[in-house]
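Taking it in order: structure first as structure tokens, then the write-up.
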Amino acid sequence: GGREGRVSGYPSPQGCLLAGGAGAAAHVIGAAGPEPDTVPRPSPPPPRRPAPPRPAMGCCYSSENEATDQEEETKRLLEPAASPPNKVLNGAEQNYLSLPSARTDEQAMLSSILAKTATNIIDVSAADSQGMEQHEYMDRARQYSTRLAMLSNNLTHWKKLPPLPSLTSQPHQVLASETVPYPDLQQVSRIAAYAFSALSQIRVDAKEELVVQFGIP
Amino acid sequence: SAGDLENAEHTAGVISELVATACGFRLQRGPEPPFKRLSVVFGEHTFLVTVSGQKIFVVKRQNRVREPVAV
């Protein structure tokens with residue numbers, strides 16, 4: 001279809017720089033052109049200058065006007081892409097006011113895709129890194145190393161167990177050999193019982209007074 | 001492991017600690033632990049434990065039936 005059908009939500013620069021502000025803000029966020037649901041359109045379609053018919057395959061532009069449009073398009077999109085998404089939202093109005101001319105279907109779709117990707121992408125390399133100064137960096141490194149030391153203290157408990165002395169080189173033979181003779185077990189049990197009863201009979205035998213008077217003449 | 005001791009993780013933990021503690025004993029101030037095998041004797045069965053290399057070997061054996069005393 002022609003331009004009129006698809007881009008009806010786009011106010012022309014001549015008519016509606018102020019009236020279409022809210023709608024254009026939504027456009028910059030990324031609801032441009034092919035998403036009529038999300039864009040709050042101004043109720044009366046704004047008056048536009050009649051546009052010359054464009055080719056259906058929108059990438060080859062013949063007029064100089066459109067080339068400059070494309071340059072401005074990419075130039076404008078780069079700045080909001082580099083900054084965090086909330087900056088795009090806040091500066092949407094200013095971005096709109098810098099729109100000099102209307103866009104075509106294809107350019108609108110391209111710009112919408114670019115804007116959506118820009119808001120969705122978390123650019124790690126361009127992240128704000130000016131918050132960390134040298135002393136902050138050293139403090140954090142120290143915090144991490146102390147925390148590691150705390151954790152490794154628990155790990156050394158495990159390290160104590162492995163160095164077990166080897167009791168034998170023939171475990172199967174040792175385990176299969178004669179078990180402890182029952183009379184020996186009985187004797188050990190008896191001795192342990194004696195020891196237990198002896199321990200239980202330990203008590204204090206009070207012979208004298210604990211508190212005495214000094215014999216002061 | 002296999003048999004009664006298959007997947008006996010709790011038993012394994014207890015016996016590991018037993019062995020580690022016992023290996024620290026030095027009855028005559030010698031360089032090595034004073035035992036080759038550790039026996040944990042219960043009423044009907046016994047766990048026999050030894051260490052070879054860095055592995056703890058545990059075997060469960062039934063206690064030998066004591067001949068009934070002729071009265």
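In the structure tokens, each chain is lettered A, B, ... as it comes, each chain's residues begin at 1, and ligands are numbered from 1 in order of appearance.
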Open item on the list: as a PyMOL selection string, could you give me every residue of chain B near chain A (at most 10 Å apart, counting only C-alpha atoms)?
Closed with: chain B and resi 16-17+19-21+23-24+32-39+41+46-61+63-64+66
Open item on the list: Quick check for you: according to DSSP on this backbone, which residues of chain B are classed as strand (DSSP E or B)? Reply as a PyMOL selection string.
Closed with: chain B and resi 38-41+45-52+55-62
Written file, previous selection with N, CA and C atoms, as an mmCIF file, in the first residue's frame:
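Output below, filename out_20.cif:
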data_model
loop_
_atom_site.group_PDB
_atom_site.id
_atom_site.type_symbol
_atom_site.label_atom_id
_atom_site.label_comp_id
_atom_site.auth_asym_id
_atom_site.auth_seq_id
_atom_site.Cartn_x
_atom_site.Cartn_y
_atom_site.Cartn_z
ATOM 1 N N LEU B 38 39.735 -52.084 62.796
ATOM 2 C CA LEU B 38 38.824 -51.582 63.828
ATOM 3 C C LEU B 38 37.558 -52.427 63.770
ATOM 4 N N SER B 39 37.133 -52.944 64.911
ATOM 5 C CA SER B 39 35.911 -53.755 64.930
ATOM 6 C C SER B 39 34.845 -53.043 65.740
ATOM 7 N N VAL B 40 33.700 -52.875 65.142
ATOM 8 C CA VAL B 40 32.546 -52.311 65.852
ATOM 9 C C VAL B 40 31.573 -53.464 66.068
ATOM 10 N N VAL B 41 31.500 -53.942 67.335
ATOM 11 C CA VAL B 41 30.786 -55.186 67.606
ATOM 12 C C VAL B 41 29.386 -54.875 68.095
ATOM 13 N N HIS B 45 25.942 -58.698 64.676
ATOM 14 C CA HIS B 45 26.889 -58.505 63.572
ATOM 15 C C HIS B 45 28.012 -57.590 64.025
ATOM 16 N N THR B 46 29.019 -57.508 63.186
ATOM 17 C CA THR B 46 30.193 -56.691 63.493
ATOM 18 C C THR B 46 30.631 -55.963 62.230
ATOM 19 N N PHE B 47 31.005 -54.712 62.382
ATOM 20 C CA PHE B 47 31.628 -53.988 61.272
ATOM 21 C C PHE B 47 33.128 -54.051 61.452
ATOM 22 N N LEU B 48 33.818 -54.545 60.423
ATOM 23 C CA LEU B 48 35.279 -54.547 60.473
ATOM 24 C C LEU B 48 35.775 -53.480 59.517
ATOM 25 N N VAL B 49 36.671 -52.644 60.003
ATOM 26 C CA VAL B 49 37.096 -51.461 59.263
ATOM 27 C C VAL B 49 38.609 -51.446 59.191
ATOM 28 N N THR B 50 39.117 -51.125 57.984
ATOM 29 C CA THR B 50 40.550 -50.906 57.862
ATOM 30 C C THR B 50 40.784 -49.808 56.831
ATOM 31 N N VAL B 51 42.013 -49.348 56.773
ATOM 32 C CA VAL B 51 42.368 -48.283 55.839
ATOM 33 C C VAL B 51 43.519 -48.770 54.971
ATOM 34 N N SER B 52 43.363 -48.604 53.672
ATOM 35 C CA SER B 52 44.436 -48.968 52.749
ATOM 36 C C SER B 52 44.508 -47.903 51.673
ATOM 37 N N LYS B 55 41.704 -45.134 51.212
ATOM 38 C CA LYS B 55 40.334 -45.626 51.214
ATOM 39 C C LYS B 55 40.051 -46.346 52.522
ATOM 40 N N ILE B 56 38.811 -46.202 52.954
ATOM 41 C CA ILE B 56 38.352 -46.899 54.152
ATOM 42 C C ILE B 56 37.524 -48.092 53.689
ATOM 43 N N PHE B 57 37.896 -49.274 54.168
ATOM 44 C CA PHE B 57 37.176 -50.495 53.797
ATOM 45 C C PHE B 57 36.340 -50.939 54.991
ATOM 46 N N VAL B 58 35.085 -51.224 54.723
ATOM 47 C CA VAL B 58 34.170 -51.651 55.792
ATOM 48 C C VAL B 58 33.514 -52.952 55.371
ATOM 49 N N VAL B 59 33.484 -53.893 56.293
ATOM 50 C CA VAL B 59 32.850 -55.180 56.014
ATOM 51 C C VAL B 59 31.913 -55.497 57.175
ATOM 52 N N LYS B 60 30.728 -55.955 56.817
ATOM 53 C CA LYS B 60 29.784 -56.372 57.867
ATOM 54 C C LYS B 60 29.762 -57.883 57.904
ATOM 55 N N ARG B 61 30.057 -58.425 59.054
ATOM 56 C CA ARG B 61 30.066 -59.875 59.198
ATOM 57 C C ARG B 61 29.174 -60.286 60.349
ATOM 58 N N GLN B 62 28.558 -61.437 60.165
ATOM 59 C CA GLN B 62 27.725 -61.974 61.244
ATOM 60 C C GLN B 62 28.606 -62.539 62.340
#
